[in-house]
file query-v4.csv (CSV, C-alpha atoms)
chain,number,residue,atom,x,y,z
G,1,MET,CA,-74.5,66.3,-32.0
G,2,ALA,CA,-72.0,67.7,-29.4
G,3,GLY,CA,-73.7,65.9,-26.6
G,4,THR,CA,-73.4,62.5,-28.2
G,5,GLU,CA,-69.9,62.9,-29.7
G,6,ALA,CA,-67.4,60.8,-28.0
G,7,ASP,CA,-64.3,62.2,-26.4
G,8,PRO,CA,-61.2,61.8,-28.6
G,9,ALA,CA,-59.4,60.0,-25.8
G,10,ASP,CA,-62.3,57.7,-25.4
G,11,ARG,CA,-62.5,57.1,-29.1
G,12,THR,CA,-58.8,56.3,-29.3
G,13,GLU,CA,-59.2,53.9,-26.4
G,14,ALA,CA,-62.3,52.3,-28.1
G,15,ASP,CA,-60.3,52.0,-31.3
G,16,ARG,CA,-57.5,50.3,-29.4
G,17,THR,CA,-60.0,48.0,-27.8
G,18,GLU,CA,-61.6,47.0,-31.1
G,19,ALA,CA,-58.5,46.8,-33.2
G,20,GLY,CA,-55.9,46.2,-30.6
G,21,PRO,CA,-56.3,42.4,-30.0
G,22,THR,CA,-56.5,41.7,-33.7
G,23,ALA,CA,-53.5,43.9,-34.6
G,24,GLY,CA,-51.6,42.8,-31.6
G,25,ALA,CA,-52.3,39.1,-32.3
G,26,ALA,CA,-51.2,39.7,-35.9
G,27,GLY,CA,-48.0,41.4,-34.7
G,28,ARG,CA,-47.3,38.6,-32.2
G,29,ARG,CA,-48.3,35.7,-34.4
G,30,PRO,CA,-45.2,33.5,-34.5
G,31,ARG,CA,-43.9,32.9,-38.0
G,32,HIS,CA,-43.1,29.3,-39.1
G,33,PRO,CA,-39.4,28.7,-38.3
G,34,PRO,CA,-37.2,28.3,-41.4
G,35,LYS,CA,-36.5,24.8,-42.5
G,36,PRO,CA,-33.4,24.6,-44.7
G,37,GLY,CA,-32.9,20.9,-44.0
G,38,VAL,CA,-34.7,18.0,-42.5
G,39,ILE,CA,-36.1,19.9,-39.4
G,40,PRO,CA,-37.5,23.3,-38.8
G,41,LEU,CA,-35.1,25.5,-36.9
G,42,GLY,CA,-37.2,25.8,-33.7
G,43,PRO,CA,-38.1,23.7,-30.7
G,44,LEU,CA,-38.8,20.2,-32.0
G,45,GLY,CA,-41.7,17.9,-31.1
G,46,LEU,CA,-41.7,14.2,-31.3
G,47,GLY,CA,-43.2,14.1,-34.8
G,48,GLU,CA,-40.6,16.5,-36.1
G,49,ILE,CA,-37.8,14.5,-34.6
G,50,LEU,CA,-39.0,11.3,-36.1
G,51,ASN,CA,-39.8,12.9,-39.5
G,52,GLY,CA,-36.3,14.5,-39.4
G,53,THR,CA,-34.7,11.1,-38.6
G,54,PHE,CA,-36.5,9.3,-41.5
G,55,ALA,CA,-35.7,12.2,-43.8
G,56,THR,CA,-32.0,12.1,-42.9
G,57,MET,CA,-32.0,8.3,-43.6
G,58,GLY,CA,-33.7,8.9,-46.9
G,59,ARG,CA,-31.6,11.8,-48.2
G,60,TYR,CA,-28.2,10.6,-46.9
G,61,TRP,CA,-28.6,6.9,-47.0
G,62,LYS,CA,-25.6,6.4,-49.3
G,63,GLN,CA,-23.2,8.2,-46.9
G,64,LEU,CA,-24.8,6.9,-43.7
G,65,PHE,CA,-25.3,3.3,-44.6
G,66,GLY,CA,-22.2,3.2,-46.8
G,67,VAL,CA,-19.9,4.1,-44.0
G,68,ALA,CA,-21.7,1.7,-41.6
G,69,ALA,CA,-21.5,-1.1,-44.2
G,70,VAL,CA,-17.8,-0.6,-44.7
G,71,VAL,CA,-17.2,-0.5,-40.9
G,72,TYR,CA,-19.3,-3.6,-40.1
G,73,GLY,CA,-17.9,-5.4,-43.2
G,74,ALA,CA,-14.3,-4.8,-42.0
G,75,ALA,CA,-15.4,-5.9,-38.5
G,76,THR,CA,-16.8,-9.1,-39.9
G,77,ALA,CA,-13.6,-9.7,-41.9
G,78,ALA,CA,-11.5,-9.1,-38.8
G,79,VAL,CA,-13.6,-11.7,-36.8
G,80,ALA,CA,-13.3,-14.1,-39.8
G,81,ILE,CA,-9.5,-13.8,-39.7
G,82,ALA,CA,-9.5,-14.4,-36.0
G,83,LEU,CA,-11.6,-17.5,-36.5
G,84,ALA,CA,-9.2,-18.7,-39.3
G,85,VAL,CA,-6.3,-18.2,-36.9
G,86,ALA,CA,-8.1,-20.0,-34.2
G,87,TYR,CA,-8.9,-22.9,-36.5
G,88,ALA,CA,-5.3,-23.1,-37.7
G,89,THR,CA,-4.3,-23.3,-34.0
G,90,VAL,CA,-6.8,-25.8,-32.7
G,91,GLY,CA,-8.2,-27.4,-35.9
G,92,ASP,CA,-6.8,-30.8,-35.1
G,93,ARG,CA,-8.6,-30.8,-31.7
G,94,LEU,CA,-11.8,-29.7,-33.5
G,95,ARG,CA,-11.6,-32.6,-35.9
G,96,GLU,CA,-11.0,-35.0,-33.0
G,97,VAL,CA,-14.1,-33.8,-31.3
G,98,ILE,CA,-16.2,-34.0,-34.5
G,99,ASP,CA,-14.9,-37.5,-35.3
G,100,THR,CA,-15.7,-38.8,-31.8
G,101,PRO,CA,-18.0,-41.8,-32.1
G,102,ARG,CA,-21.6,-41.5,-31.1
G,103,GLY,CA,-22.2,-42.3,-27.5
G,104,VAL,CA,-18.6,-41.4,-26.5
G,105,ASP,CA,-17.9,-38.1,-24.8
G,106,PRO,CA,-14.9,-36.2,-26.2
G,107,SER,CA,-11.8,-35.9,-23.9
G,108,TRP,CA,-11.2,-32.8,-21.9
G,109,THR,CA,-7.8,-32.4,-23.4
G,110,ASP,CA,-9.4,-31.9,-26.8
G,111,VAL,CA,-12.3,-29.7,-25.5
G,112,ARG,CA,-10.2,-27.3,-23.4
G,113,PRO,CA,-8.2,-25.8,-26.2
G,114,LEU,CA,-11.4,-25.3,-28.2
G,115,LEU,CA,-13.0,-23.4,-25.3
G,116,ILE,CA,-10.0,-21.2,-24.8
G,117,ALA,CA,-9.9,-20.4,-28.6
G,118,PHE,CA,-13.6,-19.7,-28.6
G,119,GLY,CA,-13.3,-17.4,-25.6
G,120,CYS,CA,-10.4,-15.5,-27.2
G,121,VAL,CA,-12.3,-15.1,-30.5
G,122,TRP,CA,-15.5,-14.0,-28.6
G,123,LEU,CA,-13.6,-11.3,-26.6
G,124,PHE,CA,-12.0,-10.1,-29.8
G,125,GLY,CA,-15.3,-10.0,-31.5
G,126,MET,CA,-16.9,-8.0,-28.7
G,127,ALA,CA,-14.1,-5.5,-28.8
G,128,VAL,CA,-14.4,-5.1,-32.6
G,129,LEU,CA,-18.2,-4.7,-32.2
G,130,VAL,CA,-17.8,-1.9,-29.6
G,131,ALA,CA,-15.3,-0.1,-31.8
G,132,SER,CA,-17.5,-0.5,-34.9
G,133,ASN,CA,-20.6,0.9,-33.1
G,134,ALA,CA,-18.5,3.8,-31.8
G,135,PHE,CA,-17.4,4.6,-35.3
G,136,VAL,CA,-21.0,4.5,-36.6
G,137,GLN,CA,-22.0,6.7,-33.7
G,138,ALA,CA,-19.3,9.2,-34.8
G,139,THR,CA,-20.7,9.0,-38.3
G,140,CYS,CA,-24.3,10.0,-37.4
G,141,PRO,CA,-23.6,13.5,-36.1
G,142,SER,CA,-21.5,14.2,-39.2
G,143,VAL,CA,-24.5,13.4,-41.4
G,144,VAL,CA,-26.9,15.3,-39.1
G,145,GLN,CA,-24.9,18.4,-39.3
G,146,SER,CA,-25.3,18.5,-43.1
G,147,ALA,CA,-29.0,17.3,-42.9
G,148,VAL,CA,-30.0,20.1,-40.5
G,149,LEU,CA,-28.4,22.8,-42.7
G,150,GLY,CA,-29.8,21.2,-45.9
G,151,ARG,CA,-26.3,20.8,-47.4
G,152,PRO,CA,-25.1,17.9,-49.5
G,153,THR,CA,-22.2,15.8,-48.3
G,154,THR,CA,-20.0,13.0,-49.6
G,155,PHE,CA,-18.9,9.6,-48.4
G,156,GLY,CA,-15.3,10.9,-48.0
G,157,ALA,CA,-16.2,13.9,-46.0
G,158,VAL,CA,-18.3,11.9,-43.6
G,159,TRP,CA,-15.6,9.2,-43.3
G,160,ARG,CA,-12.9,11.8,-42.6
G,161,ARG,CA,-14.9,13.6,-40.0
G,162,ALA,CA,-16.0,10.4,-38.2
G,163,LEU,CA,-12.4,9.1,-38.3
G,164,ALA,CA,-11.1,12.3,-36.7
G,165,ARG,CA,-13.6,12.2,-33.9
G,166,PHE,CA,-13.6,8.4,-33.4
G,167,PRO,CA,-11.2,8.3,-30.4
G,168,ALA,CA,-13.3,10.8,-28.5
G,169,VAL,CA,-16.5,9.0,-29.3
G,170,LEU,CA,-15.0,5.6,-28.4
G,171,GLY,CA,-13.9,7.0,-25.0
G,172,ALA,CA,-17.3,8.5,-24.3
G,173,VAL,CA,-19.0,5.2,-25.3
G,174,LEU,CA,-16.7,3.1,-23.1
G,175,LEU,CA,-17.2,5.4,-20.1
G,176,SER,CA,-20.9,5.5,-20.4
G,177,GLY,CA,-21.1,1.8,-21.2
G,178,LEU,CA,-19.3,0.9,-17.9
G,179,ILE,CA,-22.1,2.7,-16.1
G,180,ALA,CA,-24.8,0.7,-17.9
G,181,VAL,CA,-23.0,-2.6,-17.4
G,182,LEU,CA,-22.4,-2.1,-13.7
G,183,PRO,CA,-25.6,-3.8,-12.4
G,184,ALA,CA,-25.1,-6.9,-14.6
G,185,ALA,CA,-21.4,-7.0,-13.7
G,186,LEU,CA,-22.3,-7.0,-10.0
G,187,PHE,CA,-24.6,-10.0,-10.3
G,188,LEU,CA,-22.1,-11.8,-12.5
G,189,LEU,CA,-19.2,-11.2,-10.1
G,190,ALA,CA,-21.2,-12.5,-7.2
G,191,PHE,CA,-22.2,-15.6,-9.1
G,192,VAL,CA,-18.6,-16.3,-10.3
G,193,VAL,CA,-17.1,-15.8,-6.8
G,194,THR,CA,-19.7,-18.2,-5.4
G,195,LEU,CA,-19.1,-20.8,-8.1
G,196,ILE,CA,-15.3,-20.7,-7.9
G,197,THR,CA,-15.4,-20.8,-4.1
G,198,SER,CA,-17.7,-23.7,-4.1
G,199,ILE,CA,-15.6,-25.6,-6.6
G,200,THR,CA,-12.4,-24.8,-4.7
G,201,LEU,CA,-13.8,-26.0,-1.4
G,202,ASP,CA,-15.3,-29.1,-3.0
G,203,GLY,CA,-18.9,-27.8,-2.9
G,204,SER,CA,-19.2,-27.8,0.9
G,205,PRO,CA,-19.8,-24.1,1.8
G,206,ASP,CA,-23.6,-24.0,1.0
G,207,GLN,CA,-23.8,-20.8,3.1
G,208,LEU,CA,-21.9,-18.9,0.4
G,209,PHE,CA,-24.8,-19.1,-2.0
G,210,TRP,CA,-26.4,-16.1,-0.3
G,211,LEU,CA,-24.1,-14.1,-2.5
G,212,ILE,CA,-26.3,-14.8,-5.5
G,213,PRO,CA,-29.5,-13.2,-4.1
G,214,LEU,CA,-27.4,-10.4,-2.7
G,215,GLY,CA,-25.9,-9.7,-6.1
G,216,PHE,CA,-29.3,-9.9,-7.7
G,217,LEU,CA,-30.7,-7.4,-5.2
G,218,GLY,CA,-27.7,-5.2,-5.7
G,219,ALA,CA,-28.2,-5.2,-9.4
G,220,LEU,CA,-31.9,-4.3,-9.0
G,221,ALA,CA,-30.9,-1.4,-6.7
G,222,LEU,CA,-28.3,-0.1,-9.1
G,223,THR,CA,-30.4,-0.4,-12.2
G,224,PRO,CA,-32.4,2.8,-11.7
G,225,PRO,CA,-29.4,5.1,-11.1
G,226,ALA,CA,-27.6,3.4,-14.0
G,227,ILE,CA,-30.5,4.2,-16.3
G,228,TRP,CA,-30.6,7.7,-15.0
G,229,LEU,CA,-26.9,8.2,-15.7
G,230,TRP,CA,-27.1,6.6,-19.1
G,231,VAL,CA,-29.8,9.1,-20.2
G,232,ARG,CA,-27.8,12.0,-18.8
G,233,LEU,CA,-24.8,10.9,-20.8
G,234,SER,CA,-26.6,9.8,-24.0
G,235,LEU,CA,-25.8,13.0,-25.9
G,236,ALA,CA,-22.1,12.6,-25.4
G,237,PRO,CA,-21.3,11.1,-28.9
G,238,ALA,CA,-23.1,14.1,-30.6
G,239,VAL,CA,-21.2,16.5,-28.4
G,240,ALA,CA,-17.8,14.8,-29.1
G,241,VAL,CA,-18.3,15.2,-32.9
G,242,ILE,CA,-20.2,18.5,-33.3
G,243,GLU,CA,-18.4,20.4,-30.6
G,244,SER,CA,-15.1,18.6,-31.0
G,245,ARG,CA,-14.7,17.9,-27.2
G,246,GLY,CA,-12.9,15.1,-25.4
G,247,PRO,CA,-14.6,12.1,-23.8
G,248,LEU,CA,-14.9,13.6,-20.3
G,249,ALA,CA,-15.9,17.0,-21.5
G,250,SER,CA,-18.5,15.4,-23.7
G,251,LEU,CA,-20.0,13.5,-20.8
G,252,ARG,CA,-20.2,16.7,-18.7
G,253,ARG,CA,-21.7,18.7,-21.6
G,254,SER,CA,-24.3,16.0,-22.2
G,255,ALA,CA,-25.3,16.0,-18.5
G,256,ASP,CA,-25.7,19.8,-18.7
G,257,LEU,CA,-27.9,19.6,-21.8
G,258,VAL,CA,-30.1,16.9,-20.5
G,259,ARG,CA,-30.7,18.7,-17.2
G,260,GLY,CA,-34.4,19.7,-17.0
G,261,SER,CA,-35.5,17.4,-19.8
G,262,TRP,CA,-34.6,13.9,-18.5
G,263,TRP,CA,-38.0,12.3,-18.9
G,264,ARG,CA,-38.6,13.7,-22.4
G,265,ILE,CA,-35.2,12.5,-23.6
G,266,CYS,CA,-35.6,9.1,-21.9
G,267,GLY,CA,-39.1,8.6,-23.4
G,268,ILE,CA,-38.1,9.5,-26.9
G,269,SER,CA,-34.9,7.5,-26.7
G,270,LEU,CA,-36.8,4.4,-25.5
G,271,LEU,CA,-39.2,4.8,-28.4
G,272,ALA,CA,-36.4,5.1,-30.9
G,273,PHE,CA,-34.7,1.9,-29.5
G,274,ALA,CA,-38.0,0.1,-29.5
G,275,MET,CA,-38.8,1.0,-33.1
G,276,ALA,CA,-35.3,-0.1,-34.2
G,277,ALA,CA,-35.6,-3.3,-32.3
G,278,PHE,CA,-39.0,-4.0,-33.9
G,279,ALA,CA,-37.5,-3.5,-37.3
G,280,GLY,CA,-34.7,-5.8,-36.5
G,281,LEU,CA,-37.2,-8.4,-35.2
G,282,VAL,CA,-39.2,-8.2,-38.5
G,283,LEU,CA,-36.0,-8.8,-40.5
G,284,GLN,CA,-35.2,-11.8,-38.4
G,285,GLN,CA,-38.7,-13.2,-38.9
G,286,LEU,CA,-38.3,-12.7,-42.6
G,287,VAL,CA,-35.1,-14.8,-42.5
G,288,ASN,CA,-36.9,-17.5,-40.6
G,289,ALA,CA,-39.7,-17.5,-43.1
G,290,VAL,CA,-37.2,-17.8,-46.0
G,291,THR,CA,-35.4,-20.7,-44.4
G,292,ALA,CA,-38.7,-22.4,-43.6
G,293,VAL,CA,-39.9,-22.0,-47.3
G,294,GLY,CA,-36.4,-23.1,-48.5
G,295,GLY,CA,-36.5,-26.4,-46.5
G,296,LEU,CA,-33.4,-25.7,-44.4
G,297,LEU,CA,-33.0,-27.5,-41.1
G,298,THR,CA,-35.7,-30.0,-41.8
G,299,PRO,CA,-35.6,-33.7,-40.9
G,300,SER,CA,-35.5,-34.6,-44.7
G,301,THR,CA,-32.3,-32.7,-45.1
G,302,LEU,CA,-30.6,-33.7,-41.9
G,303,GLY,CA,-31.8,-37.3,-41.6
G,304,GLY,CA,-32.9,-39.2,-38.6
G,305,ASP,CA,-29.5,-39.0,-36.7
G,306,PRO,CA,-27.3,-36.4,-38.3
G,307,THR,CA,-23.6,-36.0,-37.7
G,308,VAL,CA,-21.9,-32.8,-36.9
G,309,GLY,CA,-20.6,-32.4,-40.4
G,310,GLN,CA,-24.1,-32.9,-41.9
G,311,VAL,CA,-25.5,-30.2,-39.5
G,312,LEU,CA,-22.8,-27.8,-40.6
G,313,VAL,CA,-23.5,-28.3,-44.3
G,314,ALA,CA,-27.2,-28.1,-43.7
G,315,VAL,CA,-27.1,-24.8,-41.8
G,316,SER,CA,-24.6,-23.1,-44.1
G,317,GLY,CA,-27.3,-21.4,-46.2
G,318,TYR,CA,-29.1,-20.4,-43.1
G,319,LEU,CA,-25.9,-18.9,-41.7
G,320,VAL,CA,-25.4,-16.8,-44.8
G,321,LEU,CA,-29.0,-15.4,-44.6
G,322,PHE,CA,-28.6,-14.9,-40.9
G,323,MET,CA,-25.4,-12.9,-41.4
G,324,VAL,CA,-27.0,-10.7,-44.0
G,325,ALA,CA,-30.1,-10.1,-41.8
G,326,GLN,CA,-27.8,-9.4,-38.9
G,327,LEU,CA,-25.9,-6.8,-40.8
G,328,MET,CA,-29.1,-5.1,-41.9
G,329,THR,CA,-30.4,-5.2,-38.3
G,330,GLN,CA,-27.2,-3.8,-37.0
G,331,LEU,CA,-27.4,-0.9,-39.4
G,332,ILE,CA,-30.9,0.0,-38.3
G,333,THR,CA,-30.5,-0.6,-34.6
G,334,THR,CA,-27.3,1.5,-34.5
G,335,THR,CA,-28.1,4.4,-36.8
G,336,PHE,CA,-31.8,5.1,-36.2
G,337,PRO,CA,-31.5,5.7,-32.4
G,338,GLN,CA,-28.4,7.7,-32.8
G,339,LEU,CA,-30.0,10.0,-35.3
G,340,VAL,CA,-32.8,10.5,-32.9
G,341,LEU,CA,-30.4,11.4,-30.1
G,342,ASN,CA,-28.5,13.7,-32.4
G,343,LEU,CA,-31.7,15.6,-33.2
G,344,LEU,CA,-32.5,15.7,-29.5
G,345,TYR,CA,-29.1,17.3,-29.0
G,346,VAL,CA,-30.0,20.0,-31.6
G,347,ASP,CA,-33.4,20.5,-30.0
G,348,ARG,CA,-31.8,21.0,-26.5
G,349,ARG,CA,-29.4,23.6,-27.8
G,350,ILE,CA,-32.2,25.4,-29.7
G,351,ARG,CA,-34.3,25.4,-26.5
G,352,THR,CA,-31.6,26.3,-24.0
G,353,GLU,CA,-29.0,28.2,-26.0
G,354,ASN,CA,-31.1,29.9,-28.8
G,355,LEU,CA,-29.1,28.0,-31.5
G,356,ALA,CA,-31.8,28.5,-34.2
G,357,PRO,CA,-30.6,31.9,-35.4
G,358,THR,CA,-27.0,30.6,-35.7
G,359,LEU,CA,-28.2,27.6,-37.7
G,360,ALA,CA,-30.3,29.7,-39.9
G,361,GLU,CA,-27.3,32.0,-40.6
G,362,ALA,CA,-25.1,29.0,-41.2
G,363,ALA,CA,-27.7,27.6,-43.7
G,364,ARG,CA,-27.7,30.8,-45.6
G,365,THR,CA,-23.9,31.1,-45.7
G,366,PRO,CA,-22.2,29.1,-48.5
G,367,PRO,CA,-19.9,26.4,-47.2
G,368,GLN,CA,-16.3,27.2,-47.3
G,369,GLY,CA,-14.0,25.0,-49.5
call {"tool": "encode", "arguments": {"input": "query-v4.csv", "output": "structure tokens"}}
result
Amino acid sequence: MAGTEADPADRTEADRTEAGPTAGAAGRRPRHPPKPGVIPLGPLGLGEILNGTFATMGRYWKQLFGVAAVVYGAATAAVAIALAVAYATVGDRLREVIDTPRGVDPSWTDVRPLLIAFGCVWLFGMAVLVASNAFVQATCPSVVQSAVLGRPTTFGAVWRRALARFPAVLGAVLLSGLIAVLPAALFLLAFVVTLITSITLDGSPDQLFWLIPLGFLGALALTPPAIWLWVRLSLAPAVAVIESRGPLASLRRSADLVRGSWWRICGISLLAFAMAAFAGLVLQQLVNAVTAVGGLLTPSTLGGDPTVGQVLVAVSGYLVLFMVAQLMTQLITTTFPQLVLNLLYVDRRIRTENLAPTLAEAARTPPQG
């Protein structure tokens, strides 16, 4: 009837009320972002970052661990050559110290050259380790670029890309490392100054020992800002490789990307480093278990009062296992956190710069050459 028939405008509004939310929700329902590679091309959660990291290690393990093994193997060879040179220089002194009768202290004239040689080899080894870590940090973004787009890559392509960006990554690592080392350096400097001054003045100035607690308090005070700055600069290696920027520009770019997400990046980074450290600890425990089962370093093998030569022979097998475990630990503790940081870099650019459409287009475009 006419009296009960609804007005067309009212009916249209009613139709919109009944169908509108469903139709609107269907129209606004977000589609799943494309996933050409190891991660979906959208804002990443913690699970997606970790899954993407493990997927990258699983799909590109030959390129990733191959380059890292070559780099660390070359570093080990360089340190071994340095040890050989040091032994050729002070080998006679070392034999004099080893052949010293029991109960007799070796002379200072024999010990001093050994300490100097050991110090030089240690400094050289630390420099080689820093350079090796920087090269591996330059390798990870090269692999992540292919992993995100779902493209295959080769050992040679990863090696050439990492080698080209190695100087920039090394500069960024050294600059950011100086910030992280500053608190410990302050305490060490105070301790060394106090020790040298006390020895120079024949140990009389006891009042100078206040420098040690002062240095400790200064280190505690500088640790929070050092951690804050380290997190702000933690994306610099990825920037240096993916965006081909210099060291200083990479540090500034990293600080800009981290702004507004410091706590998130800090928490995920700490989790990644903790997971890598736990894996390294498990490997070390496996080595200890193997040496215990194998009977190394037991009283039966060393005897009641072993000489230095007997100890060196007994621990040779342990040293070989330890070096293998150390290499595997170094591979994990260096690559895993860096892969996580590289995916955090991609996540920050997706969130702040809408990088997802560009990545999706790049994934659909066949690679050139």
call {"tool": "atom_distance", "arguments": {"input": "query-v4.csv", "atom1": "CA of Ile81 in chain G", "atom2": "CA of Ile332 in chain G"}}
result
25.5 Å
call {"tool": "closest_residue", "arguments": {"input": "query-v4.csv", "among": "G:Leu257, G:Val193, G:Val231, G:Leu64", "to": "Thr153 in chain G", "atoms": "all atoms listed in the file"}}
result
G:Leu64
call {"tool": "atom_distance", "arguments": {"input": "query-v4.csv", "atom1": "CA of Pro167 in chain G", "atom2": "CA of Ala74 in chain G"}}
result
17.8 Å
call {"tool": "atom_distance", "arguments": {"input": "query-v4.csv", "atom1": "CA of Gly91 in chain G", "atom2": "CA of Leu114 in chain G"}}
result
8.6 Å
call {"tool": "residues_around", "arguments": {"input": "query-v4.csv", "residues": "range 123-132 of chain G", "least_positions_apart": "6", "cutoff": "8 Å", "atoms": "all atoms listed in the file", "output": "MDAnalysis selection string"}}
result
chainID G and resid 71:72 75 78:79 82 170
call {"tool": "closest_residue", "arguments": {"input": "query-v4.csv", "among": "G:Arg245, G:Arg112, G:Arg151, G:Arg253", "to": "Phe166 in chain G", "atoms": "all atoms listed in the file"}}
result
G:Arg245
call {"tool": "closest_residue", "arguments": {"input": "query-v4.csv", "among": "G:Tyr60, G:Trp228, G:Phe278, G:Trp263", "to": "Val144 in chain G", "atoms": "all atoms listed in the file"}}
result
G:Tyr60
call {"tool": "closest_residue", "arguments": {"input": "query-v4.csv", "among": "G:Leu283, G:Ile116, G:Leu50, G:Leu343", "to": "Met328 in chain G", "atoms": "only C-alpha atoms"}}
result
G:Leu283
call {"tool": "closest_residue", "arguments": {"input": "query-v4.csv", "among": "G:Val90, G:Ile227, G:Leu83, G:Leu222", "to": "Thr109 in chain G", "atoms": "only C-alpha atoms"}}
result
G:Val90
call {"tool": "residues_around", "arguments": {"input": "query-v4.csv", "residues": "Asn354 in chain G", "least_positions_apart": "6", "cutoff": "12 Å", "atoms": "all atoms listed in the file", "output": "VMD selection string"}}
result
chain G and resid 41 to 43 346 to 348 360
call {"tool": "closest_residue", "arguments": {"input": "query-v4.csv", "among": "G:Leu149, G:Cys266, G:Val143, G:Ala55", "to": "Arg364 in chain G", "atoms": "all atoms listed in the file"}}
result
G:Leu149
call {"tool": "residues_around", "arguments": {"input": "query-v4.csv", "residues": "Gln330 in chain G", "least_positions_apart": "6", "cutoff": "10 Å", "atoms": "only C-alpha atoms", "output": "list in words"}}
result
Ala68, Ala69, Tyr72, Asn133, Ala276, Ala277, Gly280 and Val324 of chain G
call {"tool": "residues_around", "arguments": {"input": "query-v4.csv", "residues": "Ala157 in chain G", "least_positions_apart": "2", "cutoff": "12 Å", "atoms": "only C-alpha atoms", "output": "list in words"}}
result
Gln63, Leu64, Val67, Thr139, Ser142, Val143, Gln145, Ser146, Pro152, Thr153, Thr154, Phe155, Trp159, Arg160, Arg161, Ala162, Leu163, Ala164 and Gly369 of chain G
call {"tool": "decode", "arguments": {"input": "query-v4.csv", "residues": "range 126-131 of chain G", "atoms": "all heavy atoms", "output": "compact mmCIF listing (two decimals), in the first residue's frame"}}
result
# COMPACT_ATOMS: atom_id res chain seq x y z
N MET G 126 93.73 -8.22 15.15
CA MET G 126 92.53 -7.42 15.38
C MET G 126 92.18 -6.59 14.15
O MET G 126 91.00 -6.47 13.78
CB MET G 126 92.74 -6.51 16.59
CG MET G 126 92.82 -7.24 17.91
SD MET G 126 91.33 -8.20 18.28
CE MET G 126 90.11 -6.91 18.38
N ALA G 127 93.20 -6.01 13.50
CA ALA G 127 92.94 -5.24 12.27
C ALA G 127 92.38 -6.13 11.17
O ALA G 127 91.44 -5.75 10.46
CB ALA G 127 94.23 -4.56 11.81
N VAL G 128 92.94 -7.33 11.03
CA VAL G 128 92.44 -8.26 10.01
C VAL G 128 91.01 -8.69 10.33
O VAL G 128 90.16 -8.81 9.43
CB VAL G 128 93.38 -9.49 9.92
CG1 VAL G 128 92.76 -10.58 9.06
CG2 VAL G 128 94.73 -9.08 9.36
N LEU G 129 90.70 -8.90 11.62
CA LEU G 129 89.35 -9.30 12.01
C LEU G 129 88.33 -8.21 11.70
O LEU G 129 87.24 -8.48 11.19
CB LEU G 129 89.32 -9.65 13.49
CG LEU G 129 87.96 -10.06 14.06
CD1 LEU G 129 87.45 -11.32 13.37
CD2 LEU G 129 88.05 -10.28 15.57
N VAL G 130 88.69 -6.96 12.00
CA VAL G 130 87.78 -5.85 11.71
C VAL G 130 87.52 -5.74 10.20
O VAL G 130 86.38 -5.56 9.75
CB VAL G 130 88.34 -4.53 12.27
CG1 VAL G 130 87.53 -3.33 11.78
CG2 VAL G 130 88.35 -4.56 13.79
N ALA G 131 88.59 -5.85 9.41
CA ALA G 131 88.43 -5.77 7.97
C ALA G 131 87.59 -6.95 7.44
O ALA G 131 86.74 -6.77 6.55
CB ALA G 131 89.80 -5.75 7.29
